[in-house]
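Some notes on the structure that comes next.
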Amino acid sequence: MATTTTTTTTLPPTPTTLPEVPAADPAAPAPGQVPLAGSSGAAVVARGGADLLEELGGDVLVRAHEGLVFPVSGRRGDFFEVLTPCNDSRLVAASEVAFTPAVPLSPVGEGFDFANAVIVLDPGHGGPNFGATGPSGQREKDVNLDIARRVRDILSTSHTINWATGEILDGTAIAAAGQVWVTRTEGPEGADIESGLTFRTSLANSLNAHALISIHNNAAPDGPYEGPGSEVYHQYLDDESKRLAGLLVEEMRRGFGPFDADWVGALDAGAKFRVRENGDEVYGILRRSEVPAVIAEGVYISNPSEDALLGTPEFRQAYADAVYRALVRFITTNDPGSGFTEPPPYTATPSSGGPRDTCRVPAQPEG
Ligand SMILES: [Zn+2]
């Protein structure tokens with residue numbers, strides 16, 4: 001039981017900037033909430049950790065680290081059916097997690113209250129999956145995580161936006177987002193943990209999130225580019241994913257343009273899709289997501305000039321601000337976005353991004 005170990009366990013650092021998602025705060029769990037059978041949602045491991053089982057009555061495979069979040073697909077007795085970051089299906093006792101049920105499916109757009117928005121932020125890569133490495137040695141996984149945390153922090157309070165300049169100000173015109181989830185959770189290993197693509201998308205699917213944004217930076221441009229060569233991939237046949245991508249491209253160009261760099265890019269930079277000749281989505285995040293999802297490739301970490309920008313807090317904040325403005329416009333307006341391009345069929349094979357055989361769920365330290 002979680003309560004027997006709380007006196008000997010150190011809590012993970014809980015930033016004061018965490019959004020108001022009570023169930024996602026391991027310091028204040030509400031364990032044992034009993035949802036209806038078949039409910040989906042997300043479960044956060046309560047203080048002291050939680051045992052993961054392969055089957056009812058089976059052996060404990062690991063005592064999962066407090067603060068970890070798992071998508072929930074259903075219930076079996078007093079247990080939730082969850083998916084681990086290693087993409088394994090497991091059971092966890094309802095008494096050892098805090099459960100947040102999915103919101104009802106609802107379309108976003110003009111008139112939607114941002115206070116009801118459910119947003120999943122996905123910092124690309126993590127753990128042994130570094131993503132691209134810049135000429136400075138800076139790793140994409142670390143930059144992506146820092147930017148995602150900045151987005152989370154902006155979303156956690158209300159703001160006013162000067163839409164003429166893009167400046168994000170203190171104010172109350174836009175409420176704090178209702179729920180903000182990050183696929184690499186705070187707590188274990190500084191959130192530098194391995195996570196499968198099925199896990200990342202299942203979290204968004206299980207919550208009926210309004211948007212899933214996977215945050216990345218790019219490599220392998222075609223050559224020099226006039227201004228930032230930002231790319232945002234959307235789901236091929238999903239109009240809302242496409243709209244979100246177009247809005248993100250607009251806000252990235254607005255936010256990154258004032259920075260000085262020897263920009264590089266691809267000839268088809270902008271909001272685009274990537275499909276094979278048979279029409280299949282190339283990227284697992286976009287293929288597996290049942291909610292509007294995009295992959296943001298802000299700038300080229302492979303380019304020394306843009307790698308240097310990504311090393312600065314000012315640029316990382318500009319990236320986060322662009323994501324925030326795009327989310328506000330996506331969820332509270334019908335703006336269509338722009339910058340759409342028609343890429344040719346894709347024939348290369350990207351790395352799977354899947355968890356390795358060595359993937360392990362971070363364990364709760366012995367008390
Ligand atoms: Zn990446």
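Identifiers in this document derive from the order of the structure tokens: chains are assigned A, B, ..., residues are numbered from 1 separately in each chain, and ligands are numbered from 1 in order of occurrence.
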request  = May I have all residues of segment 99-332 of chain A that DSSP, computed from the backbone, assigns to strand (DSSP E or B), given as number ranges by chain?
outcome  = A: 99-101, 118-123, 126, 129, 133, 139, 159-162, 167-170, 174, 179-182, 211-218, 223-224, 231-234, 264-265, 270-272, 275, 281, 293-300
Surroundings of ligand 1 up to 8 Å, based on only C-alpha atoms and all ligand atoms, as a PDB file with N, CA, C and O atoms, in the first residue's frame:
```pdb
ATOM      1  N   GLY A 124       9.807  15.128 -27.561  1.00  0.00           N
ATOM      2  CA  GLY A 124      10.302  14.036 -28.381  1.00  0.00           C
ATOM      3  C   GLY A 124      11.548  13.385 -27.794  1.00  0.00           C
ATOM      4  O   GLY A 124      12.358  14.039 -27.160  1.00  0.00           O
ATOM      5  N   HIS A 125      11.630  12.041 -27.986  1.00  0.00           N
ATOM      6  CA  HIS A 125      12.794  11.231 -27.571  1.00  0.00           C
ATOM      7  C   HIS A 125      12.866  11.133 -26.046  1.00  0.00           C
ATOM      8  O   HIS A 125      11.886  11.376 -25.369  1.00  0.00           O
ATOM      9  N   GLY A 131      17.489  11.520 -30.022  1.00  0.00           N
ATOM     10  CA  GLY A 131      17.101  12.365 -31.138  1.00  0.00           C
ATOM     11  C   GLY A 131      18.351  12.871 -31.835  1.00  0.00           C
ATOM     12  O   GLY A 131      19.413  12.243 -31.765  1.00  0.00           O
ATOM     13  N   ALA A 132      18.247  14.015 -32.498  1.00  0.00           N
ATOM     14  CA  ALA A 132      19.409  14.579 -33.194  1.00  0.00           C
ATOM     15  C   ALA A 132      20.345  15.234 -32.172  1.00  0.00           C
ATOM     16  O   ALA A 132      19.909  15.658 -31.102  1.00  0.00           O
ATOM     17  N   GLU A 140      18.895  16.798 -28.746  1.00  0.00           N
ATOM     18  CA  GLU A 140      17.512  17.196 -29.034  1.00  0.00           C
ATOM     19  C   GLU A 140      16.575  16.824 -27.885  1.00  0.00           C
ATOM     20  O   GLU A 140      15.689  17.602 -27.529  1.00  0.00           O
ATOM     21  N   LYS A 141      16.758  15.642 -27.277  1.00  0.00           N
ATOM     22  CA  LYS A 141      15.821  15.201 -26.236  1.00  0.00           C
ATOM     23  C   LYS A 141      15.768  16.200 -25.074  1.00  0.00           C
ATOM     24  O   LYS A 141      14.722  16.410 -24.478  1.00  0.00           O
ATOM     25  N   ILE A 215       6.952  17.688 -29.597  1.00  0.00           N
ATOM     26  CA  ILE A 215       7.909  18.786 -29.771  1.00  0.00           C
ATOM     27  C   ILE A 215       9.284  18.234 -30.136  1.00  0.00           C
ATOM     28  O   ILE A 215       9.857  17.429 -29.401  1.00  0.00           O
ATOM     29  N   HIS A 216       9.776  18.666 -31.286  1.00  0.00           N
ATOM     30  CA  HIS A 216      11.065  18.194 -31.819  1.00  0.00           C
ATOM     31  C   HIS A 216      11.841  19.351 -32.418  1.00  0.00           C
ATOM     32  O   HIS A 216      11.323  20.465 -32.551  1.00  0.00           O
ATOM     33  N   ASN A 217      13.107  19.047 -32.788  1.00  0.00           N
ATOM     34  CA  ASN A 217      13.879  19.929 -33.641  1.00  0.00           C
ATOM     35  C   ASN A 217      14.543  19.094 -34.719  1.00  0.00           C
ATOM     36  O   ASN A 217      14.751  17.891 -34.550  1.00  0.00           O
ATOM     37  N   ASN A 218      14.882  19.740 -35.814  1.00  0.00           N
ATOM     38  CA  ASN A 218      15.091  19.048 -37.077  1.00  0.00           C
ATOM     39  C   ASN A 218      16.566  18.798 -37.402  1.00  0.00           C
ATOM     40  O   ASN A 218      17.450  19.347 -36.742  1.00  0.00           O
ATOM     41  N   GLU A 297       8.616  20.476 -35.739  1.00  0.00           N
ATOM     42  CA  GLU A 297      10.083  20.475 -35.938  1.00  0.00           C
ATOM     43  C   GLU A 297      10.467  21.947 -36.031  1.00  0.00           C
ATOM     44  O   GLU A 297      10.501  22.533 -37.117  1.00  0.00           O
TER      45      GLU A 297
END
```
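Taking atom CA of Gly49 of chain A and atom CA of Arg63 of chain A as the two end points, the separation is 5.9 Å.
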key: Of the listed residues A:Pro228, A:Gly270, A:Gly126, A:Gly74, that which approaches Ala245 of chain A most closely, counting only C-alpha atoms   = A:Gly270
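The neighbours of segment 156-167 of chain A here are the residues that come within 10 Å of it, using only C-alpha atoms and leaving out any residue fewer than 5 positions away in the same chain; they are Thr17, Leu18, Pro19, Glu20, Val21, Phe114, Ala115, Arg150, Val151, Thr172, Ala173, Ile174, Ala175, Ala176, Ala177, Gly178, Gln179, Val180, Glu251, Arg254, Gly255, Ala318, Asp321, Ala322, Arg325 and Val328 of chain A.
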Keeping N, CA, C and O atoms for every residue in the selection just given, could you write it to a file as an mmCIF file, in the first residue's frame?
```
data_model
loop_
_atom_site.group_PDB
_atom_site.id
_atom_site.type_symbol
_atom_site.label_atom_id
_atom_site.label_comp_id
_atom_site.auth_asym_id
_atom_site.auth_seq_id
_atom_site.Cartn_x
_atom_site.Cartn_y
_atom_site.Cartn_z
ATOM 1 N N THR A 17 5.050 25.467 -10.532
ATOM 2 C CA THR A 17 4.408 25.869 -11.772
ATOM 3 C C THR A 17 3.529 24.771 -12.356
ATOM 4 O O THR A 17 2.951 24.958 -13.400
ATOM 5 N N LEU A 18 3.440 23.617 -11.689
ATOM 6 C CA LEU A 18 2.579 22.553 -12.215
ATOM 7 C C LEU A 18 1.159 23.056 -12.393
ATOM 8 O O LEU A 18 0.652 23.787 -11.564
ATOM 9 N N PRO A 19 0.531 22.675 -13.490
ATOM 10 C CA PRO A 19 -0.831 23.136 -13.724
ATOM 11 C C PRO A 19 -1.804 22.545 -12.713
ATOM 12 O O PRO A 19 -1.495 21.572 -12.033
ATOM 13 N N GLU A 20 -2.961 23.145 -12.639
ATOM 14 C CA GLU A 20 -3.968 22.712 -11.677
ATOM 15 C C GLU A 20 -4.675 21.460 -12.172
ATOM 16 O O GLU A 20 -5.807 21.515 -12.600
ATOM 17 N N VAL A 21 -3.972 20.375 -12.119
ATOM 18 C CA VAL A 21 -4.578 19.077 -12.443
ATOM 19 C C VAL A 21 -4.435 18.246 -11.186
ATOM 20 O O VAL A 21 -3.447 17.554 -11.012
ATOM 21 N N PHE A 114 -11.226 27.871 -23.027
ATOM 22 C CA PHE A 114 -9.878 27.298 -22.858
ATOM 23 C C PHE A 114 -9.726 26.616 -21.500
ATOM 24 O O PHE A 114 -8.884 25.735 -21.339
ATOM 25 N N ALA A 115 -10.546 27.020 -20.536
ATOM 26 C CA ALA A 115 -10.491 26.391 -19.206
ATOM 27 C C ALA A 115 -10.905 24.922 -19.252
ATOM 28 O O ALA A 115 -10.691 24.186 -18.291
ATOM 29 N N ARG A 150 8.303 24.569 -20.630
ATOM 30 C CA ARG A 150 7.937 25.982 -20.750
ATOM 31 C C ARG A 150 6.498 26.131 -21.248
ATOM 32 O O ARG A 150 5.754 26.989 -20.780
ATOM 33 N N VAL A 151 6.103 25.295 -22.194
ATOM 34 C CA VAL A 151 4.709 25.346 -22.678
ATOM 35 C C VAL A 151 3.764 25.005 -21.526
ATOM 36 O O VAL A 151 2.758 25.691 -21.289
ATOM 37 N N THR A 172 -6.153 38.044 -17.920
ATOM 38 C CA THR A 172 -7.158 37.018 -17.683
ATOM 39 C C THR A 172 -8.001 36.717 -18.924
ATOM 40 O O THR A 172 -9.003 36.012 -18.841
ATOM 41 N N ALA A 173 -7.599 37.237 -20.076
ATOM 42 C CA ALA A 173 -8.410 37.027 -21.279
ATOM 43 C C ALA A 173 -8.473 35.543 -21.641
ATOM 44 O O ALA A 173 -9.490 35.059 -22.138
ATOM 45 N N ILE A 174 -7.380 34.826 -21.389
ATOM 46 C CA ILE A 174 -7.337 33.392 -21.705
ATOM 47 C C ILE A 174 -7.103 32.639 -20.400
ATOM 48 O O ILE A 174 -6.094 32.840 -19.726
ATOM 49 N N ALA A 175 -8.024 31.782 -20.062
ATOM 50 C CA ALA A 175 -7.913 31.026 -18.803
ATOM 51 C C ALA A 175 -6.743 30.045 -18.873
ATOM 52 O O ALA A 175 -6.259 29.713 -19.957
ATOM 53 N N ALA A 176 -6.311 29.599 -17.718
ATOM 54 C CA ALA A 176 -5.382 28.470 -17.691
ATOM 55 C C ALA A 176 -6.070 27.282 -18.356
ATOM 56 O O ALA A 176 -7.283 27.112 -18.249
ATOM 57 N N ALA A 177 -5.293 26.459 -19.045
ATOM 58 C CA ALA A 177 -5.865 25.262 -19.672
ATOM 59 C C ALA A 177 -6.389 24.320 -18.589
ATOM 60 O O ALA A 177 -5.832 24.239 -17.495
ATOM 61 N N GLY A 178 -7.474 23.617 -18.906
ATOM 62 C CA GLY A 178 -8.088 22.736 -17.920
ATOM 63 C C GLY A 178 -7.163 21.635 -17.446
ATOM 64 O O GLY A 178 -7.023 21.387 -16.249
ATOM 65 N N GLN A 179 -6.532 20.923 -18.373
ATOM 66 C CA GLN A 179 -5.596 19.847 -18.030
ATOM 67 C C GLN A 179 -4.411 19.909 -18.986
ATOM 68 O O GLN A 179 -4.602 20.031 -20.198
ATOM 69 N N VAL A 180 -3.228 19.808 -18.434
ATOM 70 C CA VAL A 180 -2.009 19.726 -19.248
ATOM 71 C C VAL A 180 -1.237 18.500 -18.801
ATOM 72 O O VAL A 180 -0.921 18.344 -17.617
ATOM 73 N N GLU A 251 2.596 30.750 -36.166
ATOM 74 C CA GLU A 251 3.117 31.310 -34.913
ATOM 75 C C GLU A 251 4.622 31.091 -34.780
ATOM 76 O O GLU A 251 5.313 31.912 -34.168
ATOM 77 N N ARG A 254 6.259 33.756 -36.973
ATOM 78 C CA ARG A 254 6.146 35.036 -36.294
ATOM 79 C C ARG A 254 7.153 35.119 -35.141
ATOM 80 O O ARG A 254 7.831 36.127 -34.959
ATOM 81 N N GLY A 255 7.259 34.034 -34.372
ATOM 82 C CA GLY A 255 8.093 34.055 -33.176
ATOM 83 C C GLY A 255 9.584 33.916 -33.452
ATOM 84 O O GLY A 255 10.413 34.471 -32.727
ATOM 85 N N ALA A 318 10.652 31.494 -26.914
ATOM 86 C CA ALA A 318 9.934 31.895 -28.132
ATOM 87 C C ALA A 318 9.252 30.683 -28.772
ATOM 88 O O ALA A 318 8.132 30.781 -29.291
ATOM 89 N N ASP A 321 6.283 29.922 -26.548
ATOM 90 C CA ASP A 321 5.240 30.937 -26.753
ATOM 91 C C ASP A 321 4.474 30.666 -28.056
ATOM 92 O O ASP A 321 3.252 30.848 -28.123
ATOM 93 N N ALA A 322 5.207 30.253 -29.087
ATOM 94 C CA ALA A 322 4.558 29.962 -30.373
ATOM 95 C C ALA A 322 3.594 28.788 -30.238
ATOM 96 O O ALA A 322 2.474 28.818 -30.772
ATOM 97 N N ARG A 325 0.471 30.127 -28.333
ATOM 98 C CA ARG A 325 -0.441 30.938 -29.161
ATOM 99 C C ARG A 325 -1.199 30.055 -30.156
ATOM 100 O O ARG A 325 -2.402 30.246 -30.391
ATOM 101 N N VAL A 328 -3.979 28.237 -28.303
ATOM 102 C CA VAL A 328 -5.096 29.128 -27.972
ATOM 103 C C VAL A 328 -5.951 29.362 -29.219
ATOM 104 O O VAL A 328 -7.196 29.295 -29.173
#
```
ask   = Excluding same-chain residues fewer than 6 positions from Ser214 of chain A, what lies within 10 Å of it counting only C-alpha atoms, as a count of residues only?
value = 21
query = Which is closest to Gly229 of chain A among A:Asn303, A:Thr333, A:Ser195, A:Asn278, if we use only C-alpha atoms?
reply = A:Asn303
request  = Could you please determine the separation between atom CA of Leu237 of chain A and atom CA of Val299 of chain A in Å, to one decimal place?
outcome  = 25.1 Å
ask   = Contacts of segment 330-332 of chain A at 8 Å or less, counting only C-alpha atoms, minus same-chain residues fewer than 6 places along, as a PyMOL selection string?
value = chain A and resi 108-114+117+210+243-244+247
Convert the current residue selection to file output with all heavy atoms, as an mmCIF file, in the first residue's frame.
```cif
data_model
loop_
_atom_site.group_PDB
_atom_site.id
_atom_site.type_symbol
_atom_site.label_atom_id
_atom_site.label_comp_id
_atom_site.auth_asym_id
_atom_site.auth_seq_id
_atom_site.Cartn_x
_atom_site.Cartn_y
_atom_site.Cartn_z
ATOM 1 N N VAL A 108 -13.445 21.495 -30.772
ATOM 2 C CA VAL A 108 -12.962 22.806 -30.345
ATOM 3 C C VAL A 108 -13.235 23.817 -31.443
ATOM 4 O O VAL A 108 -13.690 23.474 -32.533
ATOM 5 C CB VAL A 108 -11.453 22.757 -30.029
ATOM 6 C CG1 VAL A 108 -11.187 21.817 -28.867
ATOM 7 C CG2 VAL A 108 -10.640 22.380 -31.257
ATOM 8 N N GLY A 109 -12.971 25.089 -31.148
ATOM 9 C CA GLY A 109 -13.197 26.162 -32.111
ATOM 10 C C GLY A 109 -13.822 27.350 -31.417
ATOM 11 O O GLY A 109 -13.854 27.410 -30.175
ATOM 12 N N GLU A 110 -14.313 28.275 -32.217
ATOM 13 C CA GLU A 110 -14.863 29.518 -31.674
ATOM 14 C C GLU A 110 -15.927 29.222 -30.614
ATOM 15 O O GLU A 110 -16.819 28.403 -30.836
ATOM 16 C CB GLU A 110 -15.485 30.331 -32.814
ATOM 17 C CG GLU A 110 -15.751 31.767 -32.422
ATOM 18 C CD GLU A 110 -16.254 32.588 -33.612
ATOM 19 O OE1 GLU A 110 -15.999 32.178 -34.762
ATOM 20 O OE2 GLU A 110 -16.905 33.615 -33.364
ATOM 21 N N GLY A 111 -15.789 29.867 -29.461
ATOM 22 C CA GLY A 111 -16.739 29.671 -28.373
ATOM 23 C C GLY A 111 -16.297 28.635 -27.356
ATOM 24 O O GLY A 111 -16.890 28.540 -26.279
ATOM 25 N N PHE A 112 -15.274 27.843 -27.666
ATOM 26 C CA PHE A 112 -14.810 26.832 -26.715
ATOM 27 C C PHE A 112 -14.021 27.518 -25.611
ATOM 28 O O PHE A 112 -13.178 28.368 -25.871
ATOM 29 C CB PHE A 112 -13.949 25.790 -27.431
ATOM 30 C CG PHE A 112 -13.680 24.551 -26.607
ATOM 31 C CD1 PHE A 112 -14.482 23.434 -26.735
ATOM 32 C CD2 PHE A 112 -12.632 24.523 -25.690
ATOM 33 C CE1 PHE A 112 -14.247 22.293 -25.973
ATOM 34 C CE2 PHE A 112 -12.398 23.386 -24.919
ATOM 35 C CZ PHE A 112 -13.206 22.274 -25.061
ATOM 36 N N ASP A 113 -14.309 27.132 -24.373
ATOM 37 C CA ASP A 113 -13.645 27.749 -23.218
ATOM 38 C C ASP A 113 -12.292 27.069 -22.987
ATOM 39 O O ASP A 113 -12.225 25.860 -22.748
ATOM 40 C CB ASP A 113 -14.541 27.591 -21.990
ATOM 41 C CG ASP A 113 -14.001 28.335 -20.776
ATOM 42 O OD1 ASP A 113 -12.851 28.815 -20.813
ATOM 43 O OD2 ASP A 113 -14.762 28.442 -19.789
ATOM 44 N N PHE A 114 -11.226 27.871 -23.027
ATOM 45 C CA PHE A 114 -9.878 27.298 -22.858
ATOM 46 C C PHE A 114 -9.726 26.616 -21.500
ATOM 47 O O PHE A 114 -8.884 25.735 -21.339
ATOM 48 C CB PHE A 114 -8.822 28.399 -23.031
ATOM 49 C CG PHE A 114 -7.471 27.873 -23.454
ATOM 50 C CD1 PHE A 114 -7.292 27.282 -24.692
ATOM 51 C CD2 PHE A 114 -6.376 27.977 -22.606
ATOM 52 C CE1 PHE A 114 -6.041 26.790 -25.082
ATOM 53 C CE2 PHE A 114 -5.126 27.491 -22.991
ATOM 54 C CZ PHE A 114 -4.957 26.900 -24.222
ATOM 55 N N ALA A 117 -9.898 22.967 -21.864
ATOM 56 C CA ALA A 117 -8.984 22.325 -22.819
ATOM 57 C C ALA A 117 -8.158 21.239 -22.131
ATOM 58 O O ALA A 117 -7.669 21.420 -21.018
ATOM 59 C CB ALA A 117 -8.056 23.366 -23.439
ATOM 60 N N HIS A 210 -7.797 17.310 -26.535
ATOM 61 C CA HIS A 210 -8.166 18.153 -27.675
ATOM 62 C C HIS A 210 -6.998 18.330 -28.631
ATOM 63 O O HIS A 210 -7.205 18.684 -29.798
ATOM 64 C CB HIS A 210 -8.668 19.511 -27.179
ATOM 65 C CG HIS A 210 -9.901 19.388 -26.346
ATOM 66 N ND1 HIS A 210 -9.912 19.555 -24.985
ATOM 67 C CD2 HIS A 210 -11.174 19.043 -26.688
ATOM 68 C CE1 HIS A 210 -11.136 19.348 -24.520
ATOM 69 N NE2 HIS A 210 -11.916 19.023 -25.527
ATOM 70 N N ARG A 243 -5.298 21.942 -39.456
ATOM 71 C CA ARG A 243 -5.502 23.320 -38.997
ATOM 72 C C ARG A 243 -4.512 23.672 -37.891
ATOM 73 O O ARG A 243 -3.901 24.750 -37.882
ATOM 74 C CB ARG A 243 -6.956 23.471 -38.501
ATOM 75 C CG ARG A 243 -7.371 24.884 -38.174
ATOM 76 C CD ARG A 243 -8.876 24.975 -37.966
ATOM 77 N NE ARG A 243 -9.331 24.453 -36.677
ATOM 78 C CZ ARG A 243 -9.390 25.175 -35.554
ATOM 79 N NH1 ARG A 243 -9.014 26.440 -35.552
ATOM 80 N NH2 ARG A 243 -9.824 24.619 -34.435
ATOM 81 N N LEU A 244 -4.334 22.756 -36.938
ATOM 82 C CA LEU A 244 -3.380 22.985 -35.842
ATOM 83 C C LEU A 244 -1.965 23.171 -36.401
ATOM 84 O O LEU A 244 -1.220 24.054 -35.950
ATOM 85 C CB LEU A 244 -3.428 21.803 -34.863
ATOM 86 C CG LEU A 244 -2.445 21.801 -33.699
ATOM 87 C CD1 LEU A 244 -2.564 23.072 -32.861
ATOM 88 C CD2 LEU A 244 -2.664 20.563 -32.814
ATOM 89 N N LEU A 247 -1.622 26.644 -37.980
ATOM 90 C CA LEU A 247 -1.541 27.693 -36.959
ATOM 91 C C LEU A 247 -0.165 27.696 -36.299
ATOM 92 O O LEU A 247 0.414 28.757 -36.015
ATOM 93 C CB LEU A 247 -2.635 27.479 -35.904
ATOM 94 C CG LEU A 247 -4.061 27.678 -36.415
ATOM 95 C CD1 LEU A 247 -5.076 27.200 -35.378
ATOM 96 C CD2 LEU A 247 -4.307 29.147 -36.761
#
```
query = Nearest to Val69 of chain A: which of A:Pro188, A:Gly127, A:Pro313, A:Pro135 is it, counting only C-alpha atoms?
reply = A:Pro188
message = I'd like the contact shell of Tyr225 of chain A - 12 Å cut-off, only C-alpha atoms, skipping same-chain residues fewer than 3 positions apart - returned as a ChimeraX atom specification.
response = /A:221-222,228-230,257,261-270,299-300,303
query = Which residues come within 12 Å of Thr198 of chain A, counting only C-alpha atoms, excluding same-chain residues fewer than 2 positions away, as a PyMOL selection string?
reply = chain A and resi 70-71+83-89+183+195-196+200-206+283-290+352-355
Limited to N, CA and C atoms, could you put the picked residues into a file as a JSON list (two decimals), in the first residue's frame?
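In the end it all went to result-v4.json:
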```json
[["chain", "number", "residue", "atom", "x", "y", "z"],
["A", 70, "PHE", "N", 0.20, 6.84, -16.44],
["A", 70, "PHE", "CA", -0.12, 5.76, -17.36],
["A", 70, "PHE", "C", -1.49, 6.03, -18.01],
["A", 71, "PRO", "N", -1.61, 5.83, -19.31],
["A", 71, "PRO", "CA", -2.95, 5.83, -19.88],
["A", 71, "PRO", "C", -3.73, 4.62, -19.35],
["A", 83, "LEU", "N", -1.10, 1.18, -19.71],
["A", 83, "LEU", "CA", 0.01, 0.95, -20.62],
["A", 83, "LEU", "C", 1.23, 1.66, -20.03],
["A", 84, "THR", "N", 2.37, 0.96, -20.02],
["A", 84, "THR", "CA", 3.58, 1.57, -19.46],
["A", 84, "THR", "C", 4.33, 2.33, -20.56],
["A", 85, "PRO", "N", 5.28, 3.19, -20.18],
["A", 85, "PRO", "CA", 6.10, 3.88, -21.20],
["A", 85, "PRO", "C", 6.84, 2.92, -22.11],
["A", 86, "CYS", "N", 7.03, 1.66, -21.68],
["A", 86, "CYS", "CA", 7.67, 0.66, -22.55],
["A", 86, "CYS", "C", 6.65, -0.03, -23.45],
["A", 87, "ASN", "N", 5.43, 0.48, -23.49],
["A", 87, "ASN", "CA", 4.35, -0.05, -24.35],
["A", 87, "ASN", "C", 3.84, -1.41, -23.89],
["A", 88, "ASP", "N", 4.01, -1.74, -22.60],
["A", 88, "ASP", "CA", 3.50, -3.00, -22.08],
["A", 88, "ASP", "C", 2.19, -2.78, -21.34],
["A", 89, "SER", "N", 1.22, -3.68, -21.54],
["A", 89, "SER", "CA", -0.04, -3.63, -20.82],
["A", 89, "SER", "C", 0.15, -4.23, -19.43],
["A", 183, "THR", "N", 4.11, 13.77, -21.59],
["A", 183, "THR", "CA", 4.31, 12.31, -21.73],
["A", 183, "THR", "C", 5.54, 11.82, -20.98],
["A", 195, "SER", "N", 10.20, 6.37, -23.74],
["A", 195, "SER", "CA", 8.74, 6.25, -23.89],
["A", 195, "SER", "C", 8.42, 5.84, -25.32],
["A", 196, "GLY", "N", 7.59, 4.82, -25.46],
["A", 196, "GLY", "CA", 7.20, 4.35, -26.78],
["A", 196, "GLY", "C", 6.17, 5.27, -27.42],
["A", 200, "ARG", "N", 2.84, 7.24, -25.87],
["A", 200, "ARG", "CA", 2.63, 8.69, -25.99],
["A", 200, "ARG", "C", 1.24, 8.99, -26.57],
["A", 201, "THR", "N", 0.87, 8.24, -27.61],
["A", 201, "THR", "CA", -0.43, 8.52, -28.23],
["A", 201, "THR", "C", -1.58, 7.97, -27.38],
["A", 202, "SER", "N", -1.33, 6.86, -26.68],
["A", 202, "SER", "CA", -2.40, 6.29, -25.86],
["A", 202, "SER", "C", -2.80, 7.25, -24.74],
["A", 203, "LEU", "N", -1.83, 8.00, -24.22],
["A", 203, "LEU", "CA", -2.18, 8.97, -23.18],
["A", 203, "LEU", "C", -3.18, 9.99, -23.72],
["A", 204, "ALA", "N", -2.90, 10.51, -24.90],
["A", 204, "ALA", "CA", -3.82, 11.48, -25.50],
["A", 204, "ALA", "C", -5.16, 10.84, -25.84],
["A", 205, "ASN", "N", -5.12, 9.62, -26.40],
["A", 205, "ASN", "CA", -6.36, 8.93, -26.77],
["A", 205, "ASN", "C", -7.22, 8.63, -25.54],
["A", 206, "SER", "N", -6.58, 8.17, -24.46],
["A", 206, "SER", "CA", -7.33, 7.76, -23.27],
["A", 206, "SER", "C", -8.01, 8.93, -22.58],
["A", 283, "TYR", "N", 4.72, 8.52, -39.82],
["A", 283, "TYR", "CA", 5.07, 8.70, -38.40],
["A", 283, "TYR", "C", 4.05, 8.05, -37.47],
["A", 284, "GLY", "N", 4.58, 7.22, -36.55],
["A", 284, "GLY", "CA", 3.71, 6.48, -35.63],
["A", 284, "GLY", "C", 2.85, 7.37, -34.76],
["A", 285, "ILE", "N", 3.38, 8.50, -34.33],
["A", 285, "ILE", "CA", 2.61, 9.41, -33.48],
["A", 285, "ILE", "C", 1.33, 9.84, -34.20],
["A", 286, "LEU", "N", 1.47, 10.14, -35.49],
["A", 286, "LEU", "CA", 0.31, 10.63, -36.25],
["A", 286, "LEU", "C", -0.60, 9.48, -36.66],
["A", 287, "ARG", "N", -0.01, 8.32, -36.91],
["A", 287, "ARG", "CA", -0.80, 7.15, -37.32],
["A", 287, "ARG", "C", -1.64, 6.62, -36.17],
["A", 288, "ARG", "N", -1.08, 6.66, -34.96],
["A", 288, "ARG", "CA", -1.75, 6.02, -33.82],
["A", 288, "ARG", "C", -2.65, 6.96, -33.05],
["A", 289, "SER", "N", -2.51, 8.25, -33.26],
["A", 289, "SER", "CA", -3.31, 9.18, -32.47],
["A", 289, "SER", "C", -4.73, 9.26, -33.01],
["A", 290, "GLU", "N", -5.69, 9.15, -32.09],
["A", 290, "GLU", "CA", -7.11, 9.27, -32.44],
["A", 290, "GLU", "C", -7.61, 10.69, -32.19],
["A", 352, "SER", "N", 12.15, 3.80, -35.80],
["A", 352, "SER", "CA", 10.84, 3.51, -35.26],
["A", 352, "SER", "C", 10.52, 4.38, -34.06],
["A", 353, "GLY", "N", 11.55, 4.80, -33.31],
["A", 353, "GLY", "CA", 11.28, 5.58, -32.10],
["A", 353, "GLY", "C", 10.69, 4.74, -31.00],
["A", 354, "GLY", "N", 10.54, 3.46, -31.26],
["A", 354, "GLY", "CA", 9.93, 2.58, -30.27],
["A", 354, "GLY", "C", 10.87, 2.28, -29.12],
["A", 355, "PRO", "N", 10.34, 1.79, -28.01],
["A", 355, "PRO", "CA", 11.21, 1.46, -26.89],
["A", 355, "PRO", "C", 12.10, 0.27, -27.24]]
```
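The spacing separating atom CA of Ala98 of chain A from atom CA of Leu207 of chain A amounts to 13.9 Å.
Ranking A:Glu55, A:Val118, A:Arg47, A:Pro343 by their shortest atom-to-atom distance to Ser95 of chain A, with only C-alpha atoms included, puts A:Arg47 first.
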